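Okay, data.pdb is below, PDB, C-alpha atoms:
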ATOM      1  CA  MET A   7      -0.798 -11.920 -10.785  1.00  0.00           C
ATOM      2  CA  ARG A   8       2.914 -11.787 -10.030  1.00  0.00           C
ATOM      3  CA  LEU A   9       2.886 -14.585  -7.427  1.00  0.00           C
ATOM      4  CA  GLU A  10       0.335 -16.952  -8.919  1.00  0.00           C
ATOM      5  CA  LYS A  11       0.927 -20.605  -7.919  1.00  0.00           C
ATOM      6  CA  GLN A  12       3.533 -19.503  -5.365  1.00  0.00           C
ATOM      7  CA  VAL A  13       3.501 -20.441  -1.677  1.00  0.00           C
ATOM      8  CA  ALA A  14       4.861 -17.967   0.872  1.00  0.00           C
ATOM      9  CA  ILE A  15       5.569 -17.972   4.594  1.00  0.00           C
ATOM     10  CA  VAL A  16       5.556 -14.561   6.286  1.00  0.00           C
ATOM     11  CA  THR A  17       6.717 -14.461   9.905  1.00  0.00           C
ATOM     12  CA  GLY A  18       5.476 -11.792  12.278  1.00  0.00           C
ATOM     13  CA  ALA A  19       2.465 -11.399   9.982  1.00  0.00           C
ATOM     14  CA  GLY A  20      -0.068 -10.551  12.669  1.00  0.00           C
ATOM     15  CA  SER A  21       0.484  -6.817  12.348  1.00  0.00           C
ATOM     16  CA  GLY A  22       2.458  -4.038  10.699  1.00  0.00           C
ATOM     17  CA  ILE A  23       4.848  -4.836   7.880  1.00  0.00           C
ATOM     18  CA  GLY A  24       4.209  -8.581   8.152  1.00  0.00           C
ATOM     19  CA  ARG A  25       0.454  -8.225   7.827  1.00  0.00           C
ATOM     20  CA  ALA A  26       0.747  -5.797   4.914  1.00  0.00           C
ATOM     21  CA  THR A  27       3.166  -8.155   3.163  1.00  0.00           C
ATOM     22  CA  ALA A  28       0.966 -11.218   3.648  1.00  0.00           C
ATOM     23  CA  ILE A  29      -2.044  -9.331   2.288  1.00  0.00           C
ATOM     24  CA  ARG A  30      -0.081  -7.909  -0.649  1.00  0.00           C
ATOM     25  CA  PHE A  31       1.252 -11.354  -1.592  1.00  0.00           C
ATOM     26  CA  ALA A  32      -2.244 -12.832  -1.464  1.00  0.00           C
ATOM     27  CA  GLN A  33      -3.520 -10.039  -3.699  1.00  0.00           C
ATOM     28  CA  GLU A  34      -0.931 -11.139  -6.255  1.00  0.00           C
ATOM     29  CA  GLY A  35      -2.053 -14.770  -6.164  1.00  0.00           C
ATOM     30  CA  ALA A  36       0.182 -16.367  -3.530  1.00  0.00           C
ATOM     31  CA  GLN A  37      -1.028 -18.909  -1.017  1.00  0.00           C
ATOM     32  CA  VAL A  38       0.191 -17.388   2.234  1.00  0.00           C
ATOM     33  CA  VAL A  39       1.093 -18.987   5.547  1.00  0.00           C
ATOM     34  CA  VAL A  40       0.731 -16.361   8.273  1.00  0.00           C
ATOM     35  CA  ASP A  41       3.047 -16.976  11.223  1.00  0.00           C
ATOM     36  CA  ASP A  42       2.808 -15.033  14.474  1.00  0.00           C
ATOM     37  CA  ILE A  43       2.969 -15.880  18.168  1.00  0.00           C
ATOM     38  CA  ASN A  44      -0.028 -13.595  18.706  1.00  0.00           C
ATOM     39  CA  VAL A  45      -2.838 -15.943  17.739  1.00  0.00           C
ATOM     40  CA  SER A  46      -5.651 -13.402  17.548  1.00  0.00           C
ATOM     41  CA  GLN A  47      -3.653 -11.012  15.380  1.00  0.00           C
ATOM     42  CA  GLY A  48      -2.424 -13.793  13.103  1.00  0.00           C
ATOM     43  CA  GLU A  49      -5.921 -15.154  12.636  1.00  0.00           C
ATOM     44  CA  ALA A  50      -7.160 -11.622  11.919  1.00  0.00           C
ATOM     45  CA  THR A  51      -4.654 -11.361   9.064  1.00  0.00           C
ATOM     46  CA  VAL A  52      -5.848 -14.682   7.646  1.00  0.00           C
ATOM     47  CA  LYS A  53      -9.475 -13.567   7.892  1.00  0.00           C
ATOM     48  CA  GLN A  54      -8.703 -10.334   6.068  1.00  0.00           C
ATOM     49  CA  ILE A  55      -7.026 -12.283   3.261  1.00  0.00           C
ATOM     50  CA  ARG A  56      -9.811 -14.837   2.993  1.00  0.00           C
ATOM     51  CA  ASP A  57     -12.527 -12.162   3.106  1.00  0.00           C
ATOM     52  CA  SER A  58     -10.868 -10.598   0.061  1.00  0.00           C
ATOM     53  CA  GLY A  59     -10.855 -13.899  -1.822  1.00  0.00           C
ATOM     54  CA  GLY A  60      -7.294 -14.958  -1.042  1.00  0.00           C
ATOM     55  CA  ASP A  61      -5.905 -18.206   0.329  1.00  0.00           C
ATOM     56  CA  ALA A  62      -4.167 -18.145   3.720  1.00  0.00           C
ATOM     57  CA  LEU A  63      -3.374 -20.390   6.668  1.00  0.00           C
ATOM     58  CA  PHE A  64      -2.395 -19.397  10.208  1.00  0.00           C
ATOM     59  CA  ILE A  65       0.401 -21.206  12.056  1.00  0.00           C
ATOM     60  CA  GLY A  66       1.555 -19.828  15.403  1.00  0.00           C
ATOM     61  CA  ALA A  67       5.194 -20.909  15.438  1.00  0.00           C
ATOM     62  CA  ASP A  68       7.793 -19.330  17.707  1.00  0.00           C
ATOM     63  CA  VAL A  69      10.686 -18.672  15.316  1.00  0.00           C
ATOM     64  CA  SER A  70      13.213 -18.803  18.165  1.00  0.00           C
ATOM     65  CA  ASP A  71      12.406 -22.535  18.521  1.00  0.00           C
ATOM     66  CA  PRO A  72      14.026 -24.595  15.731  1.00  0.00           C
ATOM     67  CA  LYS A  73      11.582 -27.490  16.200  1.00  0.00           C
ATOM     68  CA  ALA A  74       8.597 -25.144  15.888  1.00  0.00           C
ATOM     69  CA  VAL A  75      10.081 -23.726  12.697  1.00  0.00           C
ATOM     70  CA  GLU A  76      10.604 -27.196  11.250  1.00  0.00           C
ATOM     71  CA  SER A  77       6.925 -27.906  11.940  1.00  0.00           C
ATOM     72  CA  LEU A  78       5.944 -24.585  10.361  1.00  0.00           C
ATOM     73  CA  VAL A  79       7.722 -25.442   7.118  1.00  0.00           C
ATOM     74  CA  ALA A  80       6.561 -29.063   7.124  1.00  0.00           C
ATOM     75  CA  GLU A  81       2.912 -28.074   7.623  1.00  0.00           C
ATOM     76  CA  THR A  82       3.212 -25.464   4.880  1.00  0.00           C
ATOM     77  CA  VAL A  83       4.449 -28.047   2.381  1.00  0.00           C
ATOM     78  CA  GLN A  84       1.921 -30.622   3.544  1.00  0.00           C
ATOM     79  CA  THR A  85      -0.930 -28.135   3.048  1.00  0.00           C
ATOM     80  CA  TYR A  86       0.114 -26.387  -0.143  1.00  0.00           C
ATOM     81  CA  GLY A  87       2.549 -28.844  -1.725  1.00  0.00           C
ATOM     82  CA  GLN A  88       5.561 -26.558  -1.970  1.00  0.00           C
ATOM     83  CA  LEU A  89       7.407 -23.535  -0.563  1.00  0.00           C
ATOM     84  CA  ASN A  90       8.688 -20.754  -2.805  1.00  0.00           C
ATOM     85  CA  ILE A  91       8.942 -17.586  -0.698  1.00  0.00           C
ATOM     86  CA  LEU A  92       9.997 -16.813   2.862  1.00  0.00           C
ATOM     87  CA  VAL A  93       9.780 -13.395   4.509  1.00  0.00           C
ATOM     88  CA  ASN A  94      11.614 -13.140   7.833  1.00  0.00           C
ATOM     89  CA  ASN A  95       9.899 -10.258   9.588  1.00  0.00           C
ATOM     90  CA  ALA A  96       9.428 -11.407  13.205  1.00  0.00           C
ATOM     91  CA  ILE A  97      10.913  -9.171  15.912  1.00  0.00           C
ATOM     92  CA  CYS A  98      10.814  -9.079  19.694  1.00  0.00           C
ATOM     93  CA  SER A  99       8.587  -6.782  21.719  1.00  0.00           C
ATOM     94  CA  VAL A 100       8.946  -2.998  21.741  1.00  0.00           C
ATOM     95  CA  LYS A 101       9.771  -3.242  25.452  1.00  0.00           C
ATOM     96  CA  ASP A 102      12.691  -5.582  24.749  1.00  0.00           C
ATOM     97  CA  ILE A 103      13.921  -3.241  22.015  1.00  0.00           C
ATOM     98  CA  GLN A 104      13.730  -0.137  24.206  1.00  0.00           C
ATOM     99  CA  ASN A 105      15.364  -1.885  27.169  1.00  0.00           C
ATOM    100  CA  ASN A 106      18.240  -3.296  25.101  1.00  0.00           C
ATOM    101  CA  ASN A 107      17.428  -6.868  26.070  1.00  0.00           C
ATOM    102  CA  TRP A 108      19.979  -8.743  24.024  1.00  0.00           C
ATOM    103  CA  ASP A 109      18.607 -12.279  24.135  1.00  0.00           C
ATOM    104  CA  PRO A 110      15.137 -11.492  22.720  1.00  0.00           C
ATOM    105  CA  ASN A 111      16.605  -9.258  20.015  1.00  0.00           C
ATOM    106  CA  LEU A 112      19.069 -11.891  18.882  1.00  0.00           C
ATOM    107  CA  ASN A 113      16.934 -14.990  19.457  1.00  0.00           C
ATOM    108  CA  ILE A 114      13.948 -13.757  17.473  1.00  0.00           C
ATOM    109  CA  ALA A 115      15.339 -11.447  14.791  1.00  0.00           C
ATOM    110  CA  VAL A 116      18.659 -13.140  14.015  1.00  0.00           C
ATOM    111  CA  LYS A 117      18.480 -16.725  15.202  1.00  0.00           C
ATOM    112  CA  GLY A 118      14.798 -16.847  14.268  1.00  0.00           C
ATOM    113  CA  ALA A 119      15.575 -15.804  10.701  1.00  0.00           C
ATOM    114  CA  SER A 120      18.402 -18.347  10.570  1.00  0.00           C
ATOM    115  CA  HIS A 121      16.119 -21.142  11.834  1.00  0.00           C
ATOM    116  CA  CYS A 122      13.535 -20.300   9.170  1.00  0.00           C
ATOM    117  CA  ILE A 123      16.133 -20.152   6.408  1.00  0.00           C
ATOM    118  CA  ASP A 124      17.712 -23.440   7.474  1.00  0.00           C
ATOM    119  CA  ALA A 125      14.314 -25.135   7.385  1.00  0.00           C
ATOM    120  CA  ALA A 126      13.175 -23.502   4.141  1.00  0.00           C
ATOM    121  CA  ILE A 127      16.212 -23.956   1.925  1.00  0.00           C
ATOM    122  CA  PRO A 128      16.008 -27.774   1.534  1.00  0.00           C
ATOM    123  CA  ARG A 129      12.339 -27.429   0.548  1.00  0.00           C
ATOM    124  CA  MET A 130      13.027 -24.580  -1.876  1.00  0.00           C
ATOM    125  CA  ARG A 131      15.866 -26.549  -3.407  1.00  0.00           C
ATOM    126  CA  GLN A 132      13.481 -29.481  -3.818  1.00  0.00           C
ATOM    127  CA  PHE A 133      11.046 -27.277  -5.748  1.00  0.00           C
ATOM    128  CA  GLY A 134      13.621 -25.614  -7.992  1.00  0.00           C
ATOM    129  CA  GLY A 135      14.540 -22.493  -6.034  1.00  0.00           C
ATOM    130  CA  GLY A 136      12.909 -19.598  -4.265  1.00  0.00           C
ATOM    131  CA  SER A 137      13.147 -16.145  -2.778  1.00  0.00           C
ATOM    132  CA  ILE A 138      14.021 -15.281   0.830  1.00  0.00           C
ATOM    133  CA  ILE A 139      13.480 -11.733   2.058  1.00  0.00           C
ATOM    134  CA  ASN A 140      14.885 -10.610   5.386  1.00  0.00           C
ATOM    135  CA  ILE A 141      13.471  -7.468   6.979  1.00  0.00           C
ATOM    136  CA  SER A 142      16.259  -5.472   8.611  1.00  0.00           C
ATOM    137  CA  SER A 143      16.225  -1.730   9.365  1.00  0.00           C
ATOM    138  CA  VAL A 144      18.128   1.482   8.743  1.00  0.00           C
ATOM    139  CA  ASN A 145      19.253   0.911  12.336  1.00  0.00           C
ATOM    140  CA  GLY A 146      21.513  -1.783  10.924  1.00  0.00           C
ATOM    141  CA  LEU A 147      23.182   0.754   8.626  1.00  0.00           C
ATOM    142  CA  VAL A 148      23.611   3.908  10.713  1.00  0.00           C
ATOM    143  CA  GLY A 149      24.118   4.637  14.373  1.00  0.00           C
ATOM    144  CA  LEU A 150      20.976   5.686  16.209  1.00  0.00           C
ATOM    145  CA  GLN A 151      21.057   6.539  19.881  1.00  0.00           C
ATOM    146  CA  GLY A 152      19.828   4.223  22.589  1.00  0.00           C
ATOM    147  CA  ILE A 153      18.691   0.915  21.071  1.00  0.00           C
ATOM    148  CA  HIS A 154      21.987  -0.897  20.659  1.00  0.00           C
ATOM    149  CA  ALA A 155      20.782  -4.499  20.833  1.00  0.00           C
ATOM    150  CA  TYR A 156      18.108  -3.918  18.186  1.00  0.00           C
ATOM    151  CA  SER A 157      20.570  -2.104  15.919  1.00  0.00           C
ATOM    152  CA  ALA A 158      23.129  -4.873  16.315  1.00  0.00           C
ATOM    153  CA  SER A 159      20.541  -7.531  15.487  1.00  0.00           C
ATOM    154  CA  LYS A 160      19.493  -5.651  12.359  1.00  0.00           C
ATOM    155  CA  GLY A 161      23.114  -5.287  11.273  1.00  0.00           C
ATOM    156  CA  ALA A 162      23.548  -9.026  11.764  1.00  0.00           C
ATOM    157  CA  ILE A 163      20.578  -9.696   9.477  1.00  0.00           C
ATOM    158  CA  ILE A 164      22.268  -7.716   6.704  1.00  0.00           C
ATOM    159  CA  ALA A 165      25.481  -9.740   7.084  1.00  0.00           C
ATOM    160  CA  LEU A 166      23.498 -12.993   7.276  1.00  0.00           C
ATOM    161  CA  THR A 167      21.703 -12.096   4.051  1.00  0.00           C
ATOM    162  CA  ARG A 168      24.901 -11.476   2.125  1.00  0.00           C
ATOM    163  CA  SER A 169      26.656 -14.563   3.449  1.00  0.00           C
ATOM    164  CA  LEU A 170      23.786 -16.940   2.676  1.00  0.00           C
ATOM    165  CA  ALA A 171      23.164 -15.406  -0.740  1.00  0.00           C
ATOM    166  CA  THR A 172      26.693 -16.299  -1.843  1.00  0.00           C
ATOM    167  CA  SER A 173      26.139 -19.882  -0.709  1.00  0.00           C
ATOM    168  CA  HIS A 174      22.768 -20.569  -2.319  1.00  0.00           C
ATOM    169  CA  GLY A 175      22.790 -18.826  -5.674  1.00  0.00           C
ATOM    170  CA  LYS A 176      23.708 -22.193  -7.171  1.00  0.00           C
ATOM    171  CA  ASP A 177      20.404 -23.506  -5.816  1.00  0.00           C
ATOM    172  CA  ASN A 178      18.453 -20.758  -7.596  1.00  0.00           C
ATOM    173  CA  ILE A 179      17.558 -19.356  -4.177  1.00  0.00           C
ATOM    174  CA  ARG A 180      17.733 -15.574  -4.011  1.00  0.00           C
ATOM    175  CA  ILE A 181      18.271 -14.010  -0.582  1.00  0.00           C
ATOM    176  CA  ASN A 182      17.812 -10.264  -0.180  1.00  0.00           C
ATOM    177  CA  CYS A 183      17.260  -7.758   2.585  1.00  0.00           C
ATOM    178  CA  ILE A 184      15.035  -4.705   3.076  1.00  0.00           C
ATOM    179  CA  CYS A 185      16.016  -1.874   5.413  1.00  0.00           C
ATOM    180  CA  PRO A 186      12.954   0.238   6.211  1.00  0.00           C
ATOM    181  CA  GLY A 187      13.044   3.682   7.749  1.00  0.00           C
ATOM    182  CA  THR A 188      10.356   4.739  10.208  1.00  0.00           C
ATOM    183  CA  ILE A 189       7.193   2.801   9.364  1.00  0.00           C
ATOM    184  CA  VAL A 190       4.058   3.771  11.259  1.00  0.00           C
ATOM    185  CA  THR A 191       2.728   0.543  12.757  1.00  0.00           C
ATOM    186  CA  GLU A 192       1.132  -0.634  15.986  1.00  0.00           C
ATOM    187  CA  ALA A 193       4.636  -0.987  17.433  1.00  0.00           C
ATOM    188  CA  TRP A 194       4.751   2.795  17.765  1.00  0.00           C
ATOM    189  CA  ASP A 195       1.561   3.009  19.852  1.00  0.00           C
ATOM    190  CA  THR A 196       3.262   3.028  23.251  1.00  0.00           C
ATOM    191  CA  VAL A 197       5.817   5.579  22.082  1.00  0.00           C
ATOM    192  CA  ALA A 198       3.098   7.835  20.678  1.00  0.00           C
ATOM    193  CA  GLU A 199       1.156   7.608  23.927  1.00  0.00           C
ATOM    194  CA  LYS A 200       4.133   9.037  25.805  1.00  0.00           C
ATOM    195  CA  ASN A 201       4.958  11.589  23.114  1.00  0.00           C
ATOM    196  CA  PRO A 202       2.013  12.446  20.834  1.00  0.00           C
ATOM    197  CA  GLU A 203       4.306  14.681  18.762  1.00  0.00           C
ATOM    198  CA  ILE A 204       6.776  11.929  17.890  1.00  0.00           C
ATOM    199  CA  PHE A 205       5.716  11.568  14.255  1.00  0.00           C
ATOM    200  CA  ALA A 206       5.734  15.338  13.700  1.00  0.00           C
ATOM    201  CA  GLU A 207       9.233  15.430  15.198  1.00  0.00           C
ATOM    202  CA  LEU A 208      10.492  12.635  12.942  1.00  0.00           C
ATOM    203  CA  ARG A 209       8.958  13.865   9.697  1.00  0.00           C
ATOM    204  CA  PRO A 210      11.493  16.671   8.981  1.00  0.00           C
ATOM    205  CA  TRP A 211      14.303  14.097   8.908  1.00  0.00           C
ATOM    206  CA  TYR A 212      12.819  12.558   5.771  1.00  0.00           C
ATOM    207  CA  ALA A 213      13.424  13.946   2.285  1.00  0.00           C
ATOM    208  CA  LEU A 214       9.921  12.893   1.227  1.00  0.00           C
ATOM    209  CA  GLU A 215       8.497  14.738   4.251  1.00  0.00           C
ATOM    210  CA  ARG A 216       6.472  11.743   5.376  1.00  0.00           C
ATOM    211  CA  LEU A 217       6.942   8.552   7.329  1.00  0.00           C
ATOM    212  CA  GLY A 218       6.522   5.116   5.824  1.00  0.00           C
ATOM    213  CA  LYS A 219       3.449   2.923   5.635  1.00  0.00           C
ATOM    214  CA  PRO A 220       3.562  -0.885   5.950  1.00  0.00           C
ATOM    215  CA  VAL A 221       2.473  -1.240   2.333  1.00  0.00           C
ATOM    216  CA  ASP A 222       5.610   0.661   1.248  1.00  0.00           C
ATOM    217  CA  ILE A 223       7.689  -2.239   2.507  1.00  0.00           C
ATOM    218  CA  ALA A 224       5.183  -4.844   1.339  1.00  0.00           C
ATOM    219  CA  ASN A 225       5.525  -3.536  -2.215  1.00  0.00           C
ATOM    220  CA  ALA A 226       9.304  -3.841  -2.039  1.00  0.00           C
ATOM    221  CA  ALA A 227       8.976  -7.388  -0.722  1.00  0.00           C
ATOM    222  CA  LEU A 228       6.575  -8.198  -3.561  1.00  0.00           C
ATOM    223  CA  PHE A 229       9.161  -7.078  -6.098  1.00  0.00           C
ATOM    224  CA  LEU A 230      11.873  -9.207  -4.485  1.00  0.00           C
ATOM    225  CA  ALA A 231       9.571 -12.234  -4.307  1.00  0.00           C
ATOM    226  CA  SER A 232       8.619 -11.973  -7.965  1.00  0.00           C
ATOM    227  CA  GLU A 233      10.448 -12.906 -11.157  1.00  0.00           C
ATOM    228  CA  GLU A 234      10.962  -9.186 -11.771  1.00  0.00           C
ATOM    229  CA  ALA A 235      13.849  -9.440  -9.276  1.00  0.00           C
ATOM    230  CA  SER A 236      15.324 -12.605 -10.786  1.00  0.00           C
ATOM    231  CA  PHE A 237      18.842 -11.097 -10.959  1.00  0.00           C
ATOM    232  CA  ALA A 238      18.810  -9.689  -7.414  1.00  0.00           C
ATOM    233  CA  THR A 239      20.485 -11.584  -4.603  1.00  0.00           C
ATOM    234  CA  GLY A 240      22.665 -10.562  -1.684  1.00  0.00           C
ATOM    235  CA  ALA A 241      21.302  -7.030  -2.044  1.00  0.00           C
ATOM    236  CA  VAL A 242      20.248  -4.529   0.605  1.00  0.00           C
ATOM    237  CA  PHE A 243      17.224  -2.467  -0.450  1.00  0.00           C
ATOM    238  CA  VAL A 244      16.926   0.723   1.604  1.00  0.00           C
ATOM    239  CA  ILE A 245      13.307   1.904   1.650  1.00  0.00           C
ATOM    240  CA  ASP A 246      13.515   4.875   3.974  1.00  0.00           C
ATOM    241  CA  GLY A 247      12.061   7.982   2.349  1.00  0.00           C
ATOM    242  CA  GLY A 248      15.550   9.428   1.981  1.00  0.00           C
ATOM    243  CA  LEU A 249      16.538   9.221   5.660  1.00  0.00           C
ATOM    244  CA  THR A 250      19.984   7.728   5.089  1.00  0.00           C
ATOM    245  CA  GLY A 251      20.552   9.903   2.026  1.00  0.00           C
ATOM    246  CA  GLY A 252      21.096  12.911   4.265  1.00  0.00           C
ATOM    247  CA  HIS A 253      19.218  15.366   6.441  1.00  0.00           C
ATOM    248  CA  PRO A 254      17.221  17.743   4.166  1.00  0.00           C
ATOM    249  CA  GLN A 255      17.519  20.550   6.731  1.00  0.00           C
ATOM    250  CA  PHE A 256      21.232  20.219   7.421  1.00  0.00           C
ATOM    251  CA  PRO A 257      22.682  23.778   7.495  1.00  0.00           C
ATOM    252  CA  PHE A 258      25.710  24.887   5.493  1.00  0.00           C
TER     253      PHE A 258
END
Take the structure in this file and express it as C-alpha cells.
Amino acid sequence: MRLEKQVAIVTGAGSGIGRATAIRFAQEGAQVVVDDINVSQGEATVKQIRDSGGDALFIGADVSDPKAVESLVAETVQTYGQLNILVNNAICSVKDIQNNNWDPNLNIAVKGASHCIDAAIPRMRQFGGGSIINISSVNGLVGLQGIHAYSASKGAIIALTRSLATSHGKDNIRINCICPGTIVTEAWDTVAEKNPEIFAELRPWYALERLGKPVDIANAALFLASEEASFATGAVFVIDGGLTGGHPQFPF
C-alpha cells in the first residue's frame, strides 16, 4: 500500500483521468476526496471506490471559486484530519476548448489549480509536507492546430508547476506536472460522434501504436504521490506513448 494513511484531493474526478486517479489512489490505501462540479459523476466515482472497499468522500467544489476551494480543503481536513496529496485535474468543457473560450480555459485549469494549491499548501506544511500533481498536456509543449486557449492554459500549468516547486521545496512539498498525450476518455465522445475514425487516424502518430488509457496517467500520478518520487519536484513527466518523441512514419 503505497499511499496508506495518506489523504488526497483529486479535482475533476468524476470521469476520465480524474476518476482513474482517485480509484488508483484508493486502491493503494489513500482516503480520497473526489471533487467535481458534476454531482452524479462525482458520486459515481465515490461509489465505485467504496464498493471496492476504499474510503472516499464527494465534495462538489467549483475550483474557479477561491471560497469554494477553501471550503473543499477545510472539509477534507475536518473529515480526515490531514491533507497530503493534491491532484489538479479539473478542466473546462470540451465545447469551451474547441471554441477557444479563453476565460473558462484559464479560470478552471490555471486559476483553479492555483486556488487549490494556495489553499492546500498551508495545510500540507502543517502536516509535514506533501505532493501536488498538476495535469497538463502535450498541448502545453508542442504546437497543435486550432485549440490555442487550451494549449496556452496547459503551458501555463507547466510554468506554474516549476515556479511553485522552487518556492516550496523547503516545506517538503513536491510539485510536479504530467503531460498526457491522447487519452481516450468521455471527453472524446462528441468528437468521435462526428468522426468515428478519429482514433484510427490518431494512432499512427504514436510510437507505441496505441492511444492512452486513463489508468496510464493514474499510474504516473501514483508514482509522483508516493515516497518513490521523493526526489522529484519541478519536473514535467511526459506520458504520451512517444508522440512528442517524433513521428514514427516521418519519411526521409
request  = Excluding range 7-19 of chain A and residues on its chain fewer than 5 positions from it, collect all residues at most 6 Å away from it, counting all atoms listed in the file, and give them as an NGL selection string.
outcome  = :A and (24-25 or 34-42 or 89-96)
inquiry  = Calculated over only C-alpha atoms, which of the candidates A:Ile29, A:Ala213, A:Ile123, A:Leu228 has the smallest distance to Pro254 in chain A?
reply    = A:Ala213
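Between CA of Ser157 in chain A and CA of Gln104 in chain A there is a distance of 10.9 Å.
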key: Residue members of the PyMOL selection byres ((chain A and resi 68) around 9) in the file shown, as a ChimeraX atom specification   = /A:41-43,66-67,69-72,74-75,114,118
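Protein, DNA and RNA residues at most 8 Å from (25.8, 3.0, 5.9), with all atoms listed in the file, are these: Leu147, Val148 and Thr250 of chain A.
Within 12 Å of Asp109 in chain A, once only C-alpha atoms are used and residues closer than 3 positions along the same chain are dropped, the contacting residues are A:Ser70, A:Ile97, A:Cys98, A:Ser99, A:Asp102, A:Ile103, A:Asn105, A:Asn106, A:Leu112, A:Asn113, A:Ile114, A:Ala115, A:Val116, A:Lys117, A:Gly118, A:Ala155, A:Tyr156, A:Ala158, A:Ser159.
Our summary of the geometry notes that CA of Gly187 in chain A is positioned 28.8 Å from CA of Ala125 in chain A.
Distance check against Ile223 in chain A using only C-alpha atoms: of A:Pro186, A:Gly60, A:Arg180, A:Phe243, the minimum falls on A:Pro186.
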